[in-house]
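Peer 1: File follows, structure.cif with mmCIF, C-alpha atoms:
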data_input
#
loop_
_atom_site.label_atom_id
_atom_site.label_comp_id
_atom_site.auth_asym_id
_atom_site.auth_seq_id
_atom_site.Cartn_x
_atom_site.Cartn_y
_atom_site.Cartn_z
CA MET A 1 171.09 173.26 10.98
CA ASN A 2 174.38 171.96 9.71
CA LEU A 3 177.98 172.86 10.38
CA ASP A 4 180.00 174.12 7.48
CA PHE A 5 181.62 171.43 5.39
CA LEU A 6 185.06 172.38 6.61
CA THR A 7 185.16 174.15 9.90
CA ILE A 8 186.94 173.89 13.21
CA ASP A 9 184.34 173.48 15.92
CA ILE A 10 185.70 173.46 19.49
CA GLY A 11 182.68 171.58 20.82
CA SER A 12 183.06 168.84 18.24
CA ILE A 13 186.74 168.49 18.96
CA PHE A 14 186.10 168.33 22.69
CA PHE A 15 183.27 165.80 22.36
CA ASN A 16 185.31 163.70 19.98
CA LEU A 17 188.26 163.76 22.36
CA ALA A 18 185.96 162.53 25.11
CA ASN A 19 184.52 159.87 22.78
CA THR A 20 187.99 158.68 21.85
CA LEU A 21 189.06 158.46 25.47
CA ILE A 22 185.90 156.55 26.36
CA LEU A 23 186.46 154.13 23.50
CA PHE A 24 190.08 153.79 24.58
CA LEU A 25 188.96 152.80 28.07
CA VAL A 26 186.30 150.47 26.64
CA ILE A 27 188.81 148.71 24.38
CA LYS A 28 191.39 148.53 27.11
CA HIS A 29 188.95 147.18 29.64
CA PHE A 30 186.93 144.81 27.44
CA LEU A 31 189.60 143.60 25.03
CA PHE A 32 193.19 144.13 26.08
CA LYS A 33 192.92 143.61 29.82
CA PRO A 34 191.18 140.20 29.72
CA VAL A 35 193.01 138.91 26.65
CA ASN A 36 196.43 140.00 27.87
CA ALA A 37 195.68 138.47 31.25
CA ILE A 38 194.76 135.17 29.59
CA LEU A 39 197.82 135.27 27.33
CA GLU A 40 200.07 136.07 30.27
CA GLN A 41 198.50 133.27 32.31
CA ARG A 42 199.03 130.86 29.45
CA LYS A 43 202.62 131.99 29.00
CA GLN A 44 203.19 131.46 32.72
CA ASP A 45 201.67 128.00 32.45
CA VAL A 46 203.88 127.08 29.53
CA GLU A 47 206.93 128.38 31.36
CA ASN A 48 205.97 126.42 34.46
CA THR A 49 205.51 123.29 32.39
CA TYR A 50 208.88 123.73 30.73
CA GLN A 51 210.52 124.40 34.07
CA LYS A 52 208.96 121.28 35.53
CA ALA A 53 210.12 119.26 32.56
CA ASP A 54 213.63 120.66 32.96
CA GLU A 55 213.59 119.82 36.65
CA ALA A 56 212.38 116.30 35.93
CA LEU A 57 215.10 115.85 33.32
CA GLU A 58 217.69 117.17 35.74
CA SER A 59 216.61 114.80 38.50
CA ALA A 60 216.51 111.90 36.02
CA LYS A 61 220.06 112.74 35.00
CA GLN A 62 221.12 112.87 38.64
CA SER A 63 219.50 109.52 39.34
CA GLU A 64 221.18 108.05 36.30
CA LYS A 65 224.52 109.37 37.47
CA LYS A 66 223.89 107.99 40.95
CA TYR A 67 222.98 104.56 39.61
CA ASN A 68 225.92 104.58 37.25
CA ASP A 69 228.18 105.39 40.17
CA LEU A 70 226.59 102.63 42.22
CA ILE A 71 226.99 100.14 39.42
CA GLY A 72 230.58 101.26 38.88
CA ASN A 73 231.28 100.85 42.60
CA ALA A 74 229.65 97.44 42.62
CA ARG A 75 231.76 96.39 39.63
CA GLU A 76 234.92 97.56 41.37
CA GLU A 77 233.85 95.87 44.55
CA SER A 78 233.16 92.59 42.81
CA ALA A 79 236.42 92.81 40.88
CA ARG A 80 238.23 93.42 44.15
CA ILE A 81 236.47 90.53 45.84
CA ILE A 82 237.27 88.19 42.97
CA LYS A 83 240.87 89.34 42.94
CA ASN A 84 241.17 88.85 46.69
CA ALA A 85 239.56 85.45 46.48
CA SER A 86 241.79 84.33 43.67
CA GLU A 87 244.84 85.63 45.48
CA THR A 88 243.81 83.84 48.63
CA ALA A 89 243.10 80.71 46.68
CA SER A 90 246.42 80.77 44.89
CA ARG A 91 248.25 81.49 48.10
CA ARG A 92 246.40 78.68 49.80
CA SER A 93 247.10 76.29 46.97
CA GLU A 94 250.77 77.18 47.06
CA GLU A 95 250.76 76.56 50.78
CA ILE A 96 249.05 73.26 50.31
CA ILE A 97 251.43 72.26 47.57
CA SER A 98 254.50 73.25 49.56
CA GLU A 99 253.16 71.48 52.61
CA ALA A 100 252.51 68.43 50.53
CA LYS A 101 256.03 68.65 49.10
CA ASN A 102 257.45 68.96 52.58
CA ASN A 103 255.43 66.02 53.76
CA ALA A 104 256.50 64.00 50.77
CA ASN A 105 260.14 64.90 51.36
CA MET A 106 259.83 63.99 54.97
CA ILE A 107 258.24 60.67 54.11
CA ILE A 108 260.93 60.00 51.54
CA LYS A 109 263.62 60.89 54.06
CA LYS A 110 262.04 58.67 56.65
CA ALA A 111 261.76 55.86 54.17
CA ASN A 112 265.38 56.30 53.16
CA ALA A 113 266.48 56.32 56.77
CA GLU A 114 264.44 53.19 57.36
CA VAL A 115 266.01 51.55 54.36
CA GLU A 116 269.46 52.55 55.56
CA ARG A 117 268.76 51.21 58.97
CA GLU A 118 267.38 47.96 57.57
CA LYS A 119 270.38 47.73 55.33
CA ALA A 120 272.73 48.27 58.28
CA ASN A 121 270.84 45.73 60.35
CA ALA A 122 270.96 43.24 57.54
CA ARG A 123 274.66 43.84 57.02
CA THR A 124 275.34 43.36 60.70
CA ALA A 125 273.32 40.18 60.73
CA ILE A 126 275.08 38.86 57.65
CA ARG A 127 278.46 39.76 59.08
CA ASP A 128 277.71 37.95 62.32
CA GLU A 129 276.49 34.97 60.41
CA MET A 130 279.50 34.97 58.16
CA SER A 131 281.95 35.29 61.02
CA ASP A 132 280.30 32.38 62.79
CA LEU A 133 280.38 30.43 59.55
CA ALA A 134 284.03 31.22 58.90
CA LEU A 135 284.90 30.27 62.46
CA ASN A 136 283.11 26.99 62.10
CA ILE A 137 284.82 26.31 58.80
CA ALA A 138 288.18 27.19 60.26
CA GLU A 139 287.57 24.91 63.32
CA LYS A 140 286.67 22.17 61.00
CA ILE A 141 289.77 22.70 58.87
CA VAL A 142 292.22 23.21 61.79
CA ASP A 143 290.32 20.88 63.95
CA LYS A 144 291.37 22.45 67.03
CA GLU A 145 290.19 25.04 69.29
CA ILE A 146 291.24 28.36 68.07
CA ASN A 147 291.48 31.17 70.38
CA SER A 148 288.10 32.09 69.62
CA ASP A 149 288.32 35.71 70.54
CA ASP A 150 291.46 36.50 68.55
CA HIS A 151 290.23 34.82 65.46
CA ARG A 152 286.86 36.28 65.69
CA ARG A 153 288.50 39.71 65.57
CA PHE A 154 290.47 38.84 62.43
CA ILE A 155 287.47 37.48 60.74
CA ASP A 156 285.39 40.42 61.65
CA GLU A 157 288.01 42.70 60.13
CA PHE A 158 288.05 40.60 57.05
CA ILE A 159 284.28 40.67 56.70
CA GLU A 160 284.28 44.30 57.43
CA ASN A 161 286.62 44.78 54.50
CA VAL A 162 284.52 42.51 52.35
CA GLY A 163 281.43 44.47 53.28
CA GLU A 164 283.13 47.69 52.42
CA ASN A 165 284.21 46.38 49.10
CA ASP A 166 280.64 45.34 48.53
CA ASP A 167 279.47 48.88 48.86
CA MET D 1 173.03 158.42 0.80
CA LYS D 2 169.54 157.92 2.13
CA VAL D 3 167.38 154.89 1.39
CA SER D 4 164.72 157.11 -0.19
CA ASP D 5 167.34 158.35 -2.62
CA PHE D 6 167.40 154.91 -4.22
CA PHE D 7 163.81 155.37 -5.36
CA ARG D 8 163.62 159.07 -5.95
CA GLY D 9 167.14 159.56 -7.15
CA VAL D 10 169.54 162.29 -6.10
CA THR D 11 168.40 165.52 -7.65
CA GLU D 12 170.59 167.96 -5.83
CA ILE D 13 174.07 167.93 -4.41
CA ASP D 14 174.38 169.54 -1.06
CA VAL D 15 177.87 169.63 0.38
CA LYS D 16 177.27 170.26 4.04
CA GLY D 17 178.94 169.61 7.33
CA PRO D 18 177.46 167.35 10.00
CA HIS D 19 173.98 168.11 11.26
CA VAL D 20 173.88 169.99 14.55
CA ILE D 21 171.51 168.16 16.88
CA LYS D 22 171.72 170.56 19.79
CA SER D 23 173.59 173.75 20.56
CA PHE D 24 174.63 174.84 24.02
CA ASP D 25 175.72 178.29 24.98
CA ILE D 26 178.28 178.09 27.77
CA GLY D 27 179.78 181.41 28.75
CA GLY D 28 179.36 182.89 25.31
CA ILE D 29 180.94 179.92 23.57
CA THR D 30 178.63 177.86 21.38
CA ILE D 31 179.10 174.15 21.94
CA ASN D 32 177.54 172.08 19.17
CA LEU D 33 176.46 168.49 19.61
CA THR D 34 176.63 167.18 16.06
CA GLU D 35 175.50 163.94 14.46
CA THR D 36 179.16 162.93 14.27
CA ILE D 37 179.35 162.78 18.07
CA VAL D 38 176.08 160.89 18.44
CA LEU D 39 177.19 158.37 15.81
CA GLY D 40 180.41 158.06 17.80
CA TRP D 41 178.35 157.13 20.85
CA PHE D 42 176.54 154.48 18.89
CA LEU D 43 179.81 153.06 17.68
CA ILE D 44 181.24 153.04 21.20
CA ALA D 45 178.15 151.23 22.46
CA ILE D 46 178.30 148.65 19.66
CA ILE D 47 182.05 148.09 20.08
CA ALA D 48 181.67 147.74 23.85
CA LEU D 49 178.86 145.21 23.42
CA VAL D 50 180.78 143.17 20.83
CA LEU D 51 183.97 143.17 22.89
CA TRP D 52 182.08 142.27 26.04
CA LEU D 53 180.46 139.34 24.25
CA MET D 54 183.80 138.31 22.78
CA THR D 55 185.88 138.32 25.92
CA ARG D 56 183.22 137.04 28.29
CA ASN D 57 184.14 133.88 30.24
CA MET D 58 187.52 133.47 28.66
CA GLU D 59 189.33 130.25 29.46
CA LYS D 60 192.98 129.38 29.73
CA VAL D 61 192.46 126.64 27.17
CA PRO D 62 190.37 128.35 24.49
CA THR D 63 187.35 126.39 23.32
CA LYS D 64 185.22 129.20 21.88
CA LYS D 65 185.78 130.81 18.53
CA ARG D 66 185.10 134.29 19.87
CA GLN D 67 187.94 133.95 22.34
CA ILE D 68 190.30 132.79 19.60
CA VAL D 69 189.29 135.78 17.48
CA ALA D 70 189.82 138.16 20.41
CA GLU D 71 193.22 136.64 21.13
CA TRP D 72 194.14 136.85 17.47
CA ILE D 73 193.22 140.55 17.33
CA VAL D 74 195.24 141.36 20.43
CA SER D 75 198.24 139.28 19.33
CA ALA D 76 198.21 140.77 15.83
CA LEU D 77 198.06 144.31 17.22
CA ASN D 78 200.78 143.56 19.77
CA ASP D 79 202.98 142.14 17.02
CA LEU D 80 202.34 145.18 14.83
CA LEU D 81 203.36 147.44 17.70
CA ASP D 82 206.46 145.34 18.43
CA ASP D 83 207.49 145.53 14.79
CA THR D 84 206.95 149.25 14.27
CA MET D 85 207.67 150.69 17.72
CA GLY D 86 209.46 148.06 19.78
CA LYS D 87 208.43 146.09 22.84
CA SER D 88 208.63 149.09 25.17
CA PHE D 89 205.49 150.54 23.55
CA ARG D 90 203.16 147.65 24.41
CA TRP D 91 201.08 150.01 26.58
CA PHE D 92 200.36 152.00 23.44
CA THR D 93 198.54 149.15 21.69
CA PRO D 94 195.06 149.93 23.08
CA TYR D 95 195.33 153.51 21.82
CA VAL D 96 196.34 152.37 18.35
CA ALA D 97 193.49 149.87 18.38
CA THR D 98 191.08 152.63 19.47
CA ILE D 99 192.04 155.02 16.69
CA PHE D 100 192.06 152.25 14.10
CA ILE D 101 188.66 150.82 15.00
CA PHE D 102 187.06 154.23 15.51
CA SER D 103 188.43 155.50 12.21
CA LEU D 104 187.56 152.36 10.25
CA LEU D 105 184.01 152.01 11.58
CA GLY D 106 183.57 155.79 11.43
CA SER D 107 184.35 155.66 7.71
CA LEU D 108 182.25 152.53 7.12
CA LEU D 109 179.16 154.31 8.51
CA SER D 110 178.65 155.48 4.94
CA LEU D 111 177.75 151.89 4.03
CA PHE D 112 174.64 152.28 6.19
CA GLY D 113 173.66 155.56 4.55
CA LEU D 114 174.97 157.57 7.47
CA ARG D 115 177.33 160.47 7.34
CA PRO D 116 180.85 159.11 7.96
CA MET D 117 182.35 160.36 11.21
CA THR D 118 185.69 160.84 9.54
CA ALA D 119 184.15 163.17 6.95
CA ASP D 120 184.05 165.67 9.80
CA PHE D 121 187.35 167.52 9.93
CA ASN D 122 186.99 168.03 13.69
CA VAL D 123 187.24 164.28 14.23
CA THR D 124 190.37 163.64 12.22
CA PHE D 125 191.93 166.89 13.44
CA CYS D 126 191.21 165.87 17.03
CA TRP D 127 193.02 162.57 16.54
CA ALA D 128 195.87 164.31 14.75
CA LEU D 129 196.15 166.75 17.65
CA MET D 130 196.29 163.83 20.09
CA THR D 131 199.10 162.32 18.04
CA PHE D 132 200.83 165.72 17.98
CA VAL D 133 200.61 166.07 21.76
CA MET D 134 201.96 162.57 22.23
CA ILE D 135 204.85 163.25 19.85
CA GLN D 136 205.81 166.38 21.78
CA TYR D 137 205.40 164.60 25.12
CA THR D 138 207.56 161.68 23.97
CA LYS D 139 210.25 164.05 22.67
CA ILE D 140 210.38 165.94 25.97
CA LYS D 141 210.41 162.71 27.94
CA THR D 142 213.25 161.30 25.82
CA ASN D 143 215.55 164.30 25.57
CA GLY D 144 214.50 166.46 28.49
CA PHE D 145 212.94 169.91 28.01
CA LEU D 146 216.19 171.61 27.00
CA GLY D 147 217.10 168.80 24.66
CA TYR D 148 213.61 169.06 23.20
CA LEU D 149 214.06 172.79 22.51
CA LYS D 150 217.54 172.16 21.12
CA GLY D 151 216.07 169.60 18.76
CA PHE D 152 214.35 172.43 16.87
CA CYS D 153 217.72 173.99 16.14
CA ALA D 154 219.17 170.80 14.71
CA PRO D 155 221.28 170.41 12.72
CA PHE D 156 221.78 174.24 12.44
CA PRO D 157 219.95 177.07 14.22
CA VAL D 158 219.03 178.38 10.76
CA MET D 159 216.72 175.40 10.43
CA LEU D 160 214.50 176.55 13.32
CA PRO D 161 211.64 177.94 11.19
CA MET D 162 211.61 174.92 8.95
CA ASN D 163 211.68 172.56 11.93
CA LEU D 164 208.76 174.43 13.48
CA VAL D 165 206.77 174.31 10.26
CA SER D 166 207.48 170.62 9.82
CA GLU D 167 206.44 169.95 13.44
CA VAL D 168 203.19 171.91 13.15
CA SER D 169 202.38 170.56 9.71
CA THR D 170 202.33 166.99 11.04
CA PRO D 171 198.89 167.13 12.71
CA ILE D 172 197.46 169.34 9.98
CA SER D 173 198.57 167.04 7.20
CA MET D 174 197.43 163.97 9.08
CA GLY D 175 194.05 165.48 9.85
CA PHE D 176 193.47 166.77 6.35
CA ARG D 177 194.63 163.58 4.66
CA HIS D 178 192.12 161.44 6.48
CA PHE D 179 189.32 164.00 6.27
CA GLY D 180 189.98 164.74 2.60
CA ASN D 181 189.93 161.11 1.54
CA VAL D 182 186.67 160.24 3.24
CA ALA D 183 184.90 163.55 2.52
CA GLY D 184 186.12 163.44 -1.06
CA GLY D 185 184.82 159.90 -1.44
CA MET D 186 181.49 161.03 0.00
CA ILE D 187 181.23 163.92 -2.47
CA ILE D 188 182.23 161.76 -5.43
CA SER D 189 179.61 159.17 -4.42
CA SER D 190 176.99 161.94 -4.31
CA LEU D 191 178.10 163.20 -7.70
CA ILE D 192 177.86 159.72 -9.17
CA TYR D 193 174.35 159.23 -7.79
CA PHE D 194 173.38 162.65 -9.08
CA ALA D 195 174.81 161.89 -12.50
CA LEU D 196 173.17 158.45 -12.65
CA THR D 197 169.82 159.93 -11.62
CA GLY D 198 170.19 162.55 -14.33
CA ILE D 199 170.94 159.90 -16.96
CA SER D 200 168.06 157.73 -15.77
CA THR D 201 165.68 160.67 -16.03
CA ALA D 202 167.05 161.62 -19.43
CA ILE D 203 166.32 158.16 -20.85
CA GLY D 204 162.83 158.24 -19.34
CA LEU D 205 163.10 155.99 -16.28
CA SER D 206 161.00 157.04 -13.31
CA VAL D 207 163.14 154.92 -10.91
CA PRO D 208 166.89 155.57 -11.27
CA VAL D 209 167.72 151.96 -12.24
CA LEU D 210 171.24 152.93 -13.21
CA SER D 211 171.87 153.78 -9.57
CA ILE D 212 171.84 150.03 -8.84
CA GLY D 213 175.18 148.29 -9.16
CA ILE D 214 177.45 150.99 -10.52
CA PRO D 215 177.74 152.92 -7.22
CA ALA D 216 178.39 149.66 -5.37
CA VAL D 217 181.68 149.17 -7.25
CA LEU D 218 182.76 152.71 -6.42
CA SER D 219 181.57 152.29 -2.87
CA ALA D 220 183.84 149.27 -2.51
CA TYR D 221 186.74 151.57 -3.24
CA PHE D 222 185.71 154.79 -1.50
CA ASP D 223 184.13 153.26 1.56
CA LEU D 224 185.78 149.90 2.15
CA PHE D 225 189.26 150.25 0.65
CA SER D 226 189.78 153.94 1.30
CA GLY D 227 188.26 153.71 4.77
CA PHE D 228 190.56 150.84 5.67
CA MET D 229 193.61 152.42 4.08
CA GLN D 230 193.11 155.77 5.77
CA ALA D 231 192.61 154.19 9.18
CA PHE D 232 195.73 152.09 8.65
CA ILE D 233 197.79 155.03 7.36
CA PHE D 234 196.69 157.18 10.28
CA VAL D 235 197.71 154.68 12.95
CA MET D 236 200.93 153.75 11.12
CA LEU D 237 201.94 157.41 10.94
CA THR D 238 201.06 157.87 14.60
CA MET D 239 203.18 154.88 15.58
CA ILE D 240 206.11 155.87 13.39
CA TYR D 241 206.14 159.50 14.53
CA ILE D 242 205.98 158.55 18.19
CA ALA D 243 208.57 155.78 17.83
CA SER D 244 210.97 158.18 16.10
CA ALA D 245 210.26 160.80 18.77
CA ALA D 246 211.36 158.26 21.36
CA GLU D 247 214.79 157.94 19.73
CA LYS D 248 217.48 160.03 21.35
CA ASP D 249 218.80 162.83 19.14
#
What does this structure look like when you write it as structure tokens?
Peer 2:
Amino acid sequence: MNLDFLTIDIGSIFFNLANTLILFLVIKHFLFKPVNAILEQRKQDVENTYQKADEALESAKQSEKKYNDLIGNAREESARIIKNASETASRRSEEIISEAKNNANMIIKKANAEVEREKANARTAIRDEMSDLALNIAEKIVDKEINSDDHRRFIDEFIENVGENDD
Amino acid sequence: MKVSDFFRGVTEIDVKGPHVIKSFDIGGITINLTETIVLGWFLIAIIALVLWLMTRNMEKVPTKKRQIVAEWIVSALNDLLDDTMGKSFRWFTPYVATIFIFSLLGSLLSLFGLRPMTADFNVTFCWALMTFVMIQYTKIKTNGFLGYLKGFCAPFPVMLPMNLVSEVSTPISMGFRHFGNVAGGMIISSLIYFALTGISTAIGLSVPVLSIGIPAVLSAYFDLFSGFMQAFIFVMLTMIYIASAAEKD
């Protein structure tokens, strides 16, 4: 027995509805559920990988920044140290130089004073010598005892004047 | 087309509906179990077996071809749904896949000399009714029940009869289009065999030699191309109708 070529058969529609639903469940369970799960898992994996890469990049950037800062600090520090050292050195050298100048001045002053003193000593010695000499010459010429003290005074004045003229 | 027909030739054309395997009488209503339904069971069993084999022991890093094929099918269908309906209809993909595979394989049964499932109007009408119900459900869900009723009076209340006709004609046209194409192809194939047998007999050949080759070309169109096209058209229309039903008026 056959159905008519074109007929609406409730039983057929019902059975076909059931068939379609069963096939729907079959396809969902055997195809979409496992494949979607795998695809989702893979997507998750890829996302995780990207996230990890981003994190690694971020931490690398942070480390770079940190090291750059450190290097910058070290540079500043070294520049500061060098500057300090050179300042200290120049200050020290100035001190040394001024000390040396002072010393030299002092030595020169001392030497000058010494020279002056020697000169004065020498002058005094010469004057005494000359006064004695002049007194002797005068005794010889006058041939008599001169009041030694009076004459000596005159002569000393004279020599004093001579010495001053010498200067 | 039965195998024996290749040797004996087709001597009569009998346009009949599907064979009734068993009839039940439940409360005065006759429920027929037809060959269409039994073939449907076979298809379900085959599809289930193939899918089970394909998606067995899937791995996160695919190494087997069958897994790649399964993933390709799912991705292609998901992409098709995303393109035609939008991402919010992902859950709908298995249904589209079901109708498409059932319709395609149901039509291709004719390649094995069986009566195509889709040459039974009850099958295509059933699917069209499912689409119809889903369209109405989606419209109510989108616009609310009052908005749904108002939609029939848009843009003017005068349009109500036309809107009703257009709404009701959707499943009928979908069902008849699919049924008509496959059943028509089946009848034309029978006619061709009949004609070729007649010619073979007329020129004195005991075996209808002419039946070899010529029907194969036509079969490529009526069975393969038409079967594929109708399945595709049916699911595309379903998707488009439901997607447009989900748009707010």
Peer 1: With only C-alpha atoms as the counted atoms, please give the residues lying no more than 10 Å from Met134 in chain D, apart from itself and same-chain residues fewer than 6 positions off, as a ChimeraX atom specification.
Peer 2: /D:128,140,238,241-242,245
Peer 1: Between range 93-184 of chain D and range 31-46 of chain A, at 10 Å or less, what are the per-residue closest atom pairs and their distances in Å? Count only C-alpha atoms, order by chain and rising residue number, and return it as a Markdown table.
Peer 2:
| residue | atom | partner | partner_atom | distance |
| --- | --- | --- | --- | --- |
| D:Thr93 | CA | A:Phe32 | CA | 8.5 |
| D:Pro94 | CA | A:Phe32 | CA | 6.8 |
| D:Ala97 | CA | A:Phe32 | CA | 9.6 |
Peer 1: Go through chain A residue by residue and, counting only C-alpha atoms, keep those with an atom at most 6 Å from chain D; for each kept residue give the shortest atom pair and its distance in Å to one decimal, ordered by chain and increasing number, as JSON lines.
Peer 2:
{"residue": "A:Met1", "atom": "CA", "partner": "D:Val20", "partner_atom": "CA", "distance": 5.6}
{"residue": "A:Asn2", "atom": "CA", "partner": "D:His19", "partner_atom": "CA", "distance": 4.2}
{"residue": "A:Leu3", "atom": "CA", "partner": "D:Gly17", "partner_atom": "CA", "distance": 4.6}
{"residue": "A:Asp4", "atom": "CA", "partner": "D:Gly17", "partner_atom": "CA", "distance": 4.6}
{"residue": "A:Phe5", "atom": "CA", "partner": "D:Gly17", "partner_atom": "CA", "distance": 3.8}
{"residue": "A:Ile8", "atom": "CA", "partner": "D:Asn122", "partner_atom": "CA", "distance": 5.9}
{"residue": "A:Gly11", "atom": "CA", "partner": "D:Ile31", "partner_atom": "CA", "distance": 4.5}
{"residue": "A:Ile13", "atom": "CA", "partner": "D:Asn122", "partner_atom": "CA", "distance": 5.3}
{"residue": "A:Leu23", "atom": "CA", "partner": "D:Ile44", "partner_atom": "CA", "distance": 5.8}
{"residue": "A:Phe24", "atom": "CA", "partner": "D:Thr98", "partner_atom": "CA", "distance": 5.3}
{"residue": "A:Lys28", "atom": "CA", "partner": "D:Pro94", "partner_atom": "CA", "distance": 5.6}
{"residue": "A:Phe30", "atom": "CA", "partner": "D:Trp52", "partner_atom": "CA", "distance": 5.7}
{"residue": "A:Val35", "atom": "CA", "partner": "D:Glu71", "partner_atom": "CA", "distance": 6.0}
Peer 1: By how many Å are CA of Asp132 in chain A and CA of Asp156 in chain A apart?
Peer 2: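 Answer for the CA of Asp132 in chain A to CA of Asp156 in chain A separation: 9.6 Å.
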Peer 1: For Glu12 in chain D, list every protein, DNA or RNA residue within 10 Å, evaluated using all atoms listed in the file, and leave out those in the same chain fewer than 2 positions away; present the list as a VMD selection string.
Peer 2: chain D and resid 9 to 10 14 to 15 190 to 191 193 to 195 197
Peer 1: Figure out the distance between CA of Phe234 in chain D and CA of Phe100 in chain D, please, to one decimal in Å.
Peer 2: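 Going from CA of Phe100 in chain D over to CA of Phe234 in chain D covers 7.8 Å.
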Peer 1: Closest to Asn16 in chain A among D:Ile46, D:Ser103, D:Val133, D:Gln230, using only C-alpha atoms?
Peer 2: D:Ser103
Peer 1: Interatomic distance between CA of Asp150 in chain A and CA of Arg123 in chain A?
Peer 2: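 So the answer is 21.7 Å.
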Peer 1: Show me, as a VMD selection string, the residues that have an atom within 12 Å of Ile214 in chain D when counting only C-alpha atoms, minus same-chain residues fewer than 5 positions from it.
Peer 2: chain D and resid 189 192 to 193 195 to 197 208 to 209 219 to 221
Peer 1: Considering all atoms listed in the file, state which residue in the set A:Ile137, A:Ser131, A:Arg117, A:Ile22 is at the smallest distance from Asp149 in chain A.
Peer 2: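 Selected residue with least distance to Asp149 in chain A: A:Ser131.
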Peer 1: List the spatial neighbours of range 156-169 of chain D as an MDAnalysis selection string - criterion: any atom at most 10 Å away, all atoms listed in the file, same-chain residues fewer than 5 positions off excluded.
Peer 2: chainID D and resid 129 132 135:136 149:151 174:175
